[in-house]
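Okay, query01.txt is below, compact mmCIF, C-alpha atoms and all ligand atoms:
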```txt
# COMPACT_ATOMS: atom_id res chain seq x y z
CA MET A 2 -158.68 61.89 -77.01
CA PRO A 3 -157.47 62.17 -73.38
CA PRO A 4 -158.05 65.50 -71.62
CA ALA A 5 -155.31 68.05 -72.07
CA PRO A 6 -154.03 68.66 -68.52
CA LEU A 7 -153.93 72.23 -67.40
CA ALA A 8 -150.45 73.61 -67.00
CA ALA A 9 -149.27 73.46 -63.41
CA ALA A 10 -149.06 77.25 -63.23
CA GLY A 11 -152.61 77.54 -64.52
CA ARG A 12 -153.82 75.10 -61.88
CA TRP A 13 -152.19 77.09 -59.11
CA ARG A 14 -153.62 80.33 -60.49
CA GLY A 15 -157.05 78.74 -60.58
CA LEU A 16 -156.83 77.47 -57.04
CA LEU A 17 -155.46 80.77 -55.73
CA ALA A 18 -158.34 82.58 -57.48
CA TRP A 19 -160.86 80.56 -55.49
CA THR A 20 -162.55 82.51 -52.74
CA PRO A 21 -164.64 80.22 -50.51
CA SER A 22 -168.13 81.53 -49.83
CA PRO A 23 -168.95 82.51 -46.22
CA LEU A 24 -170.86 79.25 -45.76
CA ILE A 25 -167.93 77.18 -47.02
CA ARG A 26 -165.52 79.10 -44.77
CA ALA A 27 -167.80 78.54 -41.79
CA SER A 28 -168.09 74.84 -42.64
CA LEU A 29 -164.33 74.43 -42.91
CA GLY A 30 -163.94 76.20 -39.57
CA LEU A 31 -166.55 73.99 -37.95
CA HIS A 32 -164.83 70.83 -39.18
CA ALA A 33 -161.46 72.04 -37.93
CA GLY A 34 -162.94 73.14 -34.60
CA SER A 35 -164.68 69.81 -34.11
CA LEU A 36 -161.44 67.91 -34.73
CA LEU A 37 -159.53 70.12 -32.32
CA ALA A 38 -162.26 69.79 -29.68
CA MET A 39 -162.25 65.99 -29.94
CA ALA A 40 -158.44 65.93 -29.76
CA ALA A 41 -158.49 68.07 -26.60
CA GLU A 42 -161.51 66.43 -24.99
CA PRO A 43 -162.37 63.03 -26.53
CA GLY A 44 -165.53 62.84 -24.46
CA CYS A 45 -167.14 65.62 -26.47
CA TRP A 46 -167.32 63.53 -29.62
CA PRO A 47 -171.14 63.15 -29.66
CA GLY A 48 -171.64 66.90 -29.71
CA ALA A 49 -168.86 67.49 -32.24
CA LEU A 50 -170.13 64.83 -34.62
CA SER A 51 -173.69 66.13 -34.29
CA ALA A 52 -172.49 69.60 -35.27
CA VAL A 53 -170.66 68.21 -38.31
CA ALA A 54 -173.71 66.16 -39.32
CA ALA A 55 -175.95 69.22 -39.02
CA ASN A 56 -173.49 71.16 -41.16
CA HIS A 57 -173.54 68.47 -43.86
CA LEU A 58 -177.33 68.57 -43.83
CA ALA A 59 -177.25 72.36 -44.31
CA LEU A 60 -174.75 72.03 -47.17
CA THR A 61 -176.93 69.42 -48.86
CA GLY A 62 -179.86 71.81 -48.64
CA CYS A 63 -177.85 74.37 -50.57
CA MET A 64 -177.32 72.16 -53.63
CA HIS A 65 -180.29 73.66 -55.46
CA PRO A 66 -179.11 74.91 -58.87
CA ARG A 67 -179.89 78.58 -58.20
CA ASN A 68 -178.58 78.70 -54.64
CA GLY A 69 -175.56 80.99 -54.27
CA LEU A 70 -174.58 80.03 -50.74
CA LEU A 71 -171.94 77.54 -51.94
CA GLY A 72 -170.31 80.03 -54.31
CA PRO A 73 -171.15 82.27 -57.24
CA VAL A 74 -173.62 81.12 -59.86
CA LEU A 75 -175.03 83.07 -62.77
CA THR A 76 -178.83 83.07 -62.64
CA ARG A 77 -179.38 86.37 -64.51
CA LEU A 78 -177.39 88.43 -66.96
CA PRO A 79 -175.65 91.42 -65.40
CA GLY A 80 -176.80 94.93 -66.26
CA ALA A 81 -180.17 96.33 -67.29
CA GLU A 82 -179.90 95.98 -71.06
CA PRO A 83 -183.00 94.59 -72.82
CA ARG A 84 -181.53 91.18 -73.48
CA ILE A 85 -181.99 87.61 -72.34
CA ALA A 86 -179.83 84.52 -72.62
CA LEU A 87 -181.27 81.41 -74.24
CA THR A 88 -179.48 78.26 -73.14
CA PHE A 89 -179.88 74.72 -74.47
CA ASP A 90 -178.67 71.62 -72.63
CA ASP A 91 -177.81 68.00 -73.47
CA GLY A 92 -176.96 68.35 -77.18
CA PRO A 93 -175.81 68.40 -79.79
CA ASP A 94 -178.51 66.30 -81.40
CA PRO A 95 -178.12 65.73 -85.16
CA GLU A 96 -181.88 65.90 -85.64
CA VAL A 97 -182.98 68.66 -83.27
CA THR A 98 -180.01 71.02 -83.04
CA PRO A 99 -179.88 72.02 -86.75
CA ARG A 100 -183.56 72.93 -86.60
CA VAL A 101 -182.98 74.95 -83.44
CA LEU A 102 -180.19 76.81 -85.24
CA ASP A 103 -182.49 77.63 -88.17
CA LEU A 104 -185.22 78.92 -85.87
CA LEU A 105 -182.73 81.09 -83.99
CA ASP A 106 -181.44 82.47 -87.31
CA ALA A 107 -184.97 83.28 -88.45
CA TRP A 108 -185.42 85.53 -85.41
CA GLY A 109 -181.89 86.92 -85.33
CA ALA A 110 -181.39 85.26 -81.94
CA ARG A 111 -178.21 83.89 -80.41
CA ALA A 112 -177.93 81.22 -77.74
CA SER A 113 -175.51 79.21 -75.63
CA PHE A 114 -175.40 75.44 -75.94
CA PHE A 115 -174.28 73.43 -72.92
CA VAL A 116 -173.15 70.33 -74.76
CA ILE A 117 -172.23 66.85 -73.55
CA GLY A 118 -168.58 66.15 -74.37
CA GLU A 119 -169.00 62.70 -75.89
CA ARG A 120 -171.84 63.97 -78.09
CA ALA A 121 -169.68 66.88 -79.16
CA ALA A 122 -166.98 64.42 -80.18
CA ARG A 123 -169.51 62.57 -82.38
CA HIS A 124 -170.75 65.72 -84.13
CA PRO A 125 -167.82 68.11 -84.60
CA ALA A 126 -169.25 69.65 -87.79
CA LEU A 127 -172.42 70.57 -85.92
CA LEU A 128 -170.40 72.30 -83.23
CA ARG A 129 -168.44 74.27 -85.79
CA GLU A 130 -171.72 75.31 -87.41
CA MET A 131 -173.03 76.54 -84.07
CA LEU A 132 -169.95 78.72 -83.65
CA ARG A 133 -170.13 79.93 -87.25
CA ARG A 134 -173.66 81.17 -86.63
CA GLY A 135 -172.55 83.16 -83.58
CA HIS A 136 -173.67 80.91 -80.73
CA GLY A 137 -171.72 79.90 -77.64
CA ILE A 138 -170.67 76.38 -76.73
CA GLU A 139 -170.31 75.52 -73.06
CA ASN A 140 -169.53 72.49 -70.88
CA HIS A 141 -172.24 70.15 -69.55
CA THR A 142 -169.88 67.29 -68.52
CA HIS A 143 -168.56 64.56 -70.78
CA ARG A 144 -171.12 61.81 -70.16
CA HIS A 145 -173.91 63.60 -68.26
CA PRO A 146 -173.62 61.41 -65.13
CA LEU A 147 -176.72 61.94 -62.99
CA GLY A 148 -174.76 61.22 -59.79
CA PHE A 149 -172.20 63.92 -60.59
CA ALA A 150 -173.09 66.09 -57.58
CA ALA A 151 -172.14 63.23 -55.23
CA TRP A 152 -168.70 62.69 -56.75
CA GLY A 153 -165.40 63.64 -55.17
CA PRO A 154 -163.48 66.66 -56.45
CA GLY A 155 -160.92 64.61 -58.42
CA ALA A 156 -163.59 62.70 -60.33
CA MET A 157 -165.54 65.89 -61.02
CA LEU A 158 -162.43 67.61 -62.35
CA ARG A 159 -161.59 64.68 -64.65
CA GLU A 160 -165.13 64.60 -66.03
CA ILE A 161 -165.11 68.35 -66.68
CA GLU A 162 -161.64 68.39 -68.22
CA THR A 163 -162.45 65.42 -70.45
CA ALA A 164 -165.42 67.37 -71.80
CA GLN A 165 -163.31 70.52 -72.20
CA ALA A 166 -160.78 68.59 -74.28
CA ALA A 167 -163.44 66.85 -76.40
CA ILE A 168 -165.23 70.11 -77.15
CA ALA A 169 -162.04 72.01 -77.92
CA ASP A 170 -160.90 69.16 -80.15
CA ALA A 171 -164.25 69.14 -81.97
CA CYS A 172 -164.65 72.85 -82.66
CA GLY A 173 -161.38 74.58 -81.78
CA GLU A 174 -162.74 76.57 -78.84
CA ALA A 175 -162.84 75.61 -75.18
CA PRO A 176 -165.94 76.51 -73.12
CA ARG A 177 -165.90 79.22 -70.45
CA CYS A 178 -169.00 78.17 -68.55
CA PHE A 179 -170.22 74.99 -66.89
CA ARG A 180 -173.60 73.63 -65.91
CA PRO A 181 -173.79 70.30 -64.00
CA PRO A 182 -176.38 67.62 -64.85
CA ALA A 183 -179.79 68.74 -63.57
CA GLY A 184 -178.00 71.86 -62.34
CA LEU A 185 -177.26 70.23 -58.97
CA ARG A 186 -174.11 71.66 -57.43
CA SER A 187 -171.85 69.86 -55.03
CA PRO A 188 -170.40 71.80 -52.06
CA LEU A 189 -167.03 70.76 -53.58
CA LEU A 190 -167.77 72.07 -57.08
CA ASP A 191 -166.64 75.68 -56.70
CA PRO A 192 -162.90 75.00 -56.16
CA VAL A 193 -163.04 72.41 -58.97
CA LEU A 194 -164.40 75.02 -61.37
CA SER A 195 -161.71 77.47 -60.27
CA LEU A 196 -159.09 74.86 -61.13
CA ALA A 197 -160.71 74.29 -64.52
CA GLY A 198 -161.13 78.03 -65.16
CA LEU A 199 -164.90 77.75 -65.64
CA SER A 200 -167.88 79.70 -64.33
CA LEU A 201 -171.05 78.12 -63.03
CA VAL A 202 -174.27 79.01 -64.86
CA ALA A 203 -177.81 78.09 -63.78
CA TRP A 204 -180.96 79.84 -65.01
CA THR A 205 -183.72 82.24 -64.13
CA ARG A 206 -186.48 79.94 -65.37
CA ARG A 207 -186.75 76.54 -67.01
CA GLY A 208 -189.64 75.03 -68.89
CA TYR A 209 -189.05 71.36 -67.99
CA ASP A 210 -189.15 70.59 -71.70
CA ALA A 211 -186.95 67.54 -71.11
CA VAL A 212 -189.65 65.86 -69.07
CA SER A 213 -192.92 67.49 -70.07
CA PRO A 214 -194.79 66.55 -73.28
CA HIS A 215 -196.96 69.69 -73.06
CA PRO A 216 -195.57 72.58 -75.16
CA GLY A 217 -198.16 75.04 -73.85
CA ARG A 218 -197.15 74.46 -70.24
CA VAL A 219 -193.46 74.64 -71.11
CA LEU A 220 -193.98 77.95 -72.91
CA ALA A 221 -195.96 79.35 -69.99
CA ARG A 222 -193.21 78.42 -67.51
CA LEU A 223 -190.52 80.02 -69.66
CA SER A 224 -192.32 83.22 -70.54
CA ARG A 225 -194.05 84.03 -67.26
CA GLY A 226 -192.69 87.41 -66.18
CA LEU A 227 -190.22 87.51 -69.07
CA GLY A 228 -187.87 90.45 -68.60
CA PRO A 229 -184.36 91.83 -69.17
CA GLY A 230 -181.55 89.68 -67.83
CA ASP A 231 -183.46 86.41 -67.80
CA VAL A 232 -181.52 83.20 -68.46
CA LEU A 233 -183.86 80.57 -69.92
CA LEU A 234 -183.19 76.84 -70.05
CA LEU A 235 -184.38 74.49 -72.79
CA HIS A 236 -182.99 71.24 -74.21
CA ASP A 237 -181.89 70.44 -77.74
CA GLY A 238 -180.86 66.95 -76.64
CA ARG A 239 -183.09 64.32 -75.03
CA SER A 240 -186.03 66.69 -75.08
CA ALA A 241 -189.39 65.14 -74.33
CA ARG A 242 -191.46 64.25 -77.36
CA GLY A 243 -195.06 65.26 -77.86
CA TYR A 244 -197.57 62.57 -78.81
CA PRO A 245 -196.80 62.47 -81.71
CA GLY A 246 -194.57 65.27 -82.93
CA PRO A 247 -191.14 66.84 -82.86
CA SER A 248 -189.21 67.73 -79.74
CA VAL A 249 -191.03 69.90 -77.26
CA ALA A 250 -188.28 72.50 -77.48
CA LEU A 251 -188.83 72.76 -81.23
CA GLU A 252 -192.56 73.20 -80.72
CA VAL A 253 -192.07 75.87 -78.08
CA LEU A 254 -189.25 77.83 -79.64
CA PRO A 255 -191.15 79.79 -82.37
CA ALA A 256 -193.69 81.14 -79.89
CA LEU A 257 -191.02 81.83 -77.28
CA LEU A 258 -188.87 83.75 -79.77
CA ALA A 259 -191.94 85.75 -80.82
CA ARG A 260 -192.64 86.67 -77.18
CA ILE A 261 -189.02 87.65 -76.62
CA ALA A 262 -189.09 89.93 -79.68
CA GLY A 263 -192.53 91.25 -78.73
CA ALA A 264 -191.20 92.24 -75.30
CA GLY A 265 -188.45 94.29 -76.99
CA LEU A 266 -185.75 91.88 -75.85
CA SER A 267 -182.86 90.41 -77.81
CA ALA A 268 -181.63 86.87 -77.25
CA VAL A 269 -177.88 86.69 -76.79
CA ALA A 270 -175.23 84.12 -76.04
CA LEU A 271 -173.76 84.21 -72.54
CA PRO A 272 -171.81 87.40 -71.80
CA PRO A 273 -168.24 88.07 -72.84
CA ALA A 274 -165.29 87.79 -70.50
CA GLU A 275 -165.59 91.31 -69.12
CA GLU A 276 -169.00 90.30 -67.77
CA ALA A 277 -167.71 87.02 -66.41
CA PRO A 278 -170.31 85.14 -64.37
CA ARG A 279 -167.88 84.48 -61.56
CA ALA A 280 -167.54 88.22 -61.08
CA ALA A 281 -171.17 89.12 -61.57
CA ALA A 282 -172.94 86.12 -60.22
CA THR A 283 -175.46 85.71 -57.49
CA ALA A 284 -173.36 85.93 -54.37
CA GLY A 285 -173.72 84.23 -51.04
CA PRO A 286 -175.72 85.48 -48.08
CA ALA A 287 -175.96 89.18 -47.35
CA GLY A 288 -174.37 90.07 -50.68
CA ALA A 289 -171.14 88.26 -49.97
CA ALA A 290 -168.47 89.01 -52.53
CA ALA A 291 -168.26 86.68 -55.48
CA SER A 292 -165.03 85.01 -56.46
CA PRO A 293 -162.93 86.85 -59.02
CA ALA A 294 -163.01 85.51 -62.55
CA PRO A 295 -160.47 82.73 -63.03
CA ALA A 296 -157.56 83.68 -65.25
CA ALA A 297 -158.60 81.25 -67.97
CA TYR A 298 -162.02 82.91 -68.18
CA ALA A 299 -160.88 86.47 -67.81
CA SER A 300 -158.30 86.09 -70.52
CA ARG A 301 -160.82 85.10 -73.15
ZN ZN B 401 -178.51 67.97 -68.80
```
Structure rendered as structure tokens:
Amino acid sequence: MPPAPLAAAGRWRGLLAWTPSPLIRASLGLHAGSLLAMAAEPGCWPGALSAVAANHLALTGCMHPRNGLLGPVLTRLPGAEPRIALTFDDGPDPEVTPRVLDLLDAWGARASFFVIGERAARHPALLREMLRRGHGIENHTHRHPLGFAAWGPGAMLREIETAQAAIADACGEAPRCFRPPAGLRSPLLDPVLSLAGLSLVAWTRRGYDAVSPHPGRVLARLSRGLGPGDVLLLHDGRSARGYPGPSVALEVLPALLARIAGAGLSAVALPPAEEAPRAAATAGPAGAAASPAPAAYASR
């Protein structure tokens, strides 16, 4: 099914809601200043281009998933309540995800699943079951392209909207949050997410369960310093396999859930609209203000 285009008014609202981070504003100013300088004095082009190149290098250095210099990103839950957010990427997987759901039920835990759109389209009943059990379903692109962070804004928006449409078509609810493949964020991603009405979510800690076959090490990475507000990342799709055995996430999850309960914490799905990540996220340098929640998020 083709992506349902956002209404023109919604697009404008989304774009108007975008507040560039201080670094993005400075970068835009530097580009404009360099162009003006070269127009006024063509001989200064080596210096102007060097400044632009240095700026691009700095922007590239800020693409780390948890870096807030390019715009707001949720890395911890807001508030001091004794709760954590469990998040699972790359599903749904018809073999692993149902077992993850049963384990979560056994511990009274809730989670958020960042699903791949084309997988969601193949397993709509599984998505509906996730919602029925009280979990959240979020957007992790349509095809999980590993070069996503290098794409232009138009291509990123089409990929995200295609996933939004596939997920909404599969389960009847559109995601509110987005996580790019490998978490890598493009300097151009923030305005794209404003247009799509989505909030960027990273994590506090990840266990590398998608690449590590060692459940003990994955558990140690996830539970080291476990505390209120943590956002933990695991994978219910494409998770590394032990030798032999089930997915690493499935091996780790019972012990992780026991540690969460033992620490007096509850595992919840990502926060409701009034705690929108775009409003409560890690801000830019020196506590720069985060963008307001897009209308599409705030209205949910
Ligand atoms: Zn992924």
#### Entry: Using only C-alpha atoms and all ligand atoms: which of A:Val249, A:Leu199, A:Leu235, A:Ala59 has the shortest distance to ligand ZN 401 (chain B)
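The closest residue to ligand ZN 401 (chain B) is A:Leu235.
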- Task: Around ligand ZN 401 (chain B), at most 9 Å away and counting all atoms listed in the file, which residues are there? Put them as a list of chain:residue names, please.
- Result: A:Phe89, A:Asp90, A:Asp91, A:Gly92, A:Phe115, A:Val116, A:Ile117, A:His141, A:Thr142, A:His145, A:Pro146, A:Leu147, A:Arg180, A:Pro181, A:Pro182, A:Ala183, A:Gly184, A:Ala211, A:His236, A:Gly238, A:Arg239
C-alpha atoms of the current selection, written as an mmCIF file, keeping the file's coordinate frame:
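Listed below is the output, again_21.cif:
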```
data_model
loop_
_atom_site.group_PDB
_atom_site.id
_atom_site.type_symbol
_atom_site.label_atom_id
_atom_site.label_comp_id
_atom_site.auth_asym_id
_atom_site.auth_seq_id
_atom_site.Cartn_x
_atom_site.Cartn_y
_atom_site.Cartn_z
ATOM 1 C CA PHE A 89 -179.880 74.720 -74.470
ATOM 2 C CA ASP A 90 -178.670 71.620 -72.630
ATOM 3 C CA ASP A 91 -177.810 68.000 -73.470
ATOM 4 C CA GLY A 92 -176.960 68.350 -77.180
ATOM 5 C CA PHE A 115 -174.280 73.430 -72.920
ATOM 6 C CA VAL A 116 -173.150 70.330 -74.760
ATOM 7 C CA ILE A 117 -172.230 66.850 -73.550
ATOM 8 C CA HIS A 141 -172.240 70.150 -69.550
ATOM 9 C CA THR A 142 -169.880 67.290 -68.520
ATOM 10 C CA HIS A 145 -173.910 63.600 -68.260
ATOM 11 C CA PRO A 146 -173.620 61.410 -65.130
ATOM 12 C CA LEU A 147 -176.720 61.940 -62.990
ATOM 13 C CA ARG A 180 -173.600 73.630 -65.910
ATOM 14 C CA PRO A 181 -173.790 70.300 -64.000
ATOM 15 C CA PRO A 182 -176.380 67.620 -64.850
ATOM 16 C CA ALA A 183 -179.790 68.740 -63.570
ATOM 17 C CA GLY A 184 -178.000 71.860 -62.340
ATOM 18 C CA ALA A 211 -186.950 67.540 -71.110
ATOM 19 C CA HIS A 236 -182.990 71.240 -74.210
ATOM 20 C CA GLY A 238 -180.860 66.950 -76.640
ATOM 21 C CA ARG A 239 -183.090 64.320 -75.030
#
```
Min atom-atom distance to Leu104 of chain A from the set A:Arg134, A:Arg144, A:Arg186, A:His32, counting only C-alpha atoms, belongs to A:Arg134
**Message:** Is it possible to get the residues within 7 Å of (-180.1, 91.7, -65.9) (coordinates as in the file, counting only C-alpha atoms) written as a ChimeraX atom specification?
**Reply:** /A:77-82,229-231
As a check of understanding: the span from atom CA of Ile261 of chain A to atom CA of Asp94 of chain A is 24.3 Å
task: Quick one: pull the distance between atom CA of Phe149 of chain A and atom CA of Leu251 of chain A, Å, one decimal.
output: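 That distance, rounded to one decimal, is 27.9 Å.
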Any idea what's packed within 8 Å of Glu160 of chain A, counting all atoms listed in the file, ignoring anything in its chain fewer than 3 positions away? Could you give it as a ChimeraX atom specification? /A:142-144,156-157,163-164
Closest to Thr88 of chain A among A:Met39, A:Ala262, A:Val202, A:Ala107, using all atoms listed in the file?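 Looking at the shortest contact to Thr88 of chain A, the residue is A:Val202.
Using all atoms listed in the file, the protein and nucleic acid residues lying no more than 8 Å from segment 121-130 of chain A, apart from those fewer than 6 places from it along its own chain, are A:Gly92, A:Pro93, A:Pro95, A:Pro99, A:Ile138, A:Ala167, A:Ile168, A:Asp170, A:Ala171, A:Cys172.
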Based on the selection just made, write C-alpha atoms of those residues as a CSV table (one decimal), keeping the file's coordinate frame.
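result27.csv, freshly written:
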```
chain,number,residue,atom,x,y,z
A,92,GLY,CA,-177.0,68.4,-77.2
A,93,PRO,CA,-175.8,68.4,-79.8
A,95,PRO,CA,-178.1,65.7,-85.2
A,99,PRO,CA,-179.9,72.0,-86.8
A,138,ILE,CA,-170.7,76.4,-76.7
A,167,ALA,CA,-163.4,66.8,-76.4
A,168,ILE,CA,-165.2,70.1,-77.2
A,170,ASP,CA,-160.9,69.2,-80.2
A,171,ALA,CA,-164.2,69.1,-82.0
A,172,CYS,CA,-164.6,72.8,-82.7
```
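The residue that comes closest to Ser28 of chain A, out of A:Leu158, A:Leu60, A:Leu257, A:Ala264 and on the basis of all atoms listed in the file, is A:Leu60.
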Residue with the minimum atom-to-atom distance to Ser187 of chain A, picked from A:Ser248, A:Asn56, A:Thr61, A:Ser224 with all atoms listed in the file counted, is A:Thr61
I need the residue nearest Pro176 of chain A from this list: A:Ser200, A:Ser213, A:Thr76, A:Thr205. Use only C-alpha atoms for the distance.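 Of all the options, A:Ser200 lies closest to Pro176 of chain A.
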Q: Please measure the separation of atom CA of Thr98 of chain A and atom CA of Glu119 of chain A, giving the value in Å to one decimal.
A: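 Those two atoms sit 15.5 Å apart.
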Nearby residues (all atoms listed in the file) at most 10 Å from Gly217 of chain A, same-chain spacing under 6 positions excluded, as an mmCIF file with C-alpha atoms, in the frame of the given file:
```cif
data_model
loop_
_atom_site.group_PDB
_atom_site.id
_atom_site.type_symbol
_atom_site.label_atom_id
_atom_site.label_comp_id
_atom_site.auth_asym_id
_atom_site.auth_seq_id
_atom_site.Cartn_x
_atom_site.Cartn_y
_atom_site.Cartn_z
ATOM 1 C CA GLY A 208 -189.640 75.030 -68.890
ATOM 2 C CA VAL A 249 -191.030 69.900 -77.260
ATOM 3 C CA GLU A 252 -192.560 73.200 -80.720
ATOM 4 C CA VAL A 253 -192.070 75.870 -78.080
ATOM 5 C CA ALA A 256 -193.690 81.140 -79.890
#
```
At a cut-off of 10 Å, using all atoms listed in the file, what residues contact Gly137 of chain A? Leave out same-chain residues fewer than 3 positions from it and give the result as a list in words.
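The filter keeps Thr88, Arg111, Ala112, Ser113, Phe114, Phe115, Leu128, Met131, Leu132, Arg133, Arg134, Glu174, Pro176, Arg177, Cys178, Val269, Ala270, Leu271 and Pro272 of chain A.
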Enclosing box along x, y and z for every listed atom of segment 151-154 of chain A, padded 8 Å each side, centre and size in Å, one decimal, as JSON:
```
{"center_x": -167.8, "center_y": 64.7, "center_z": -56.0, "size_x": 24.7, "size_y": 20.0, "size_z": 17.6}
```
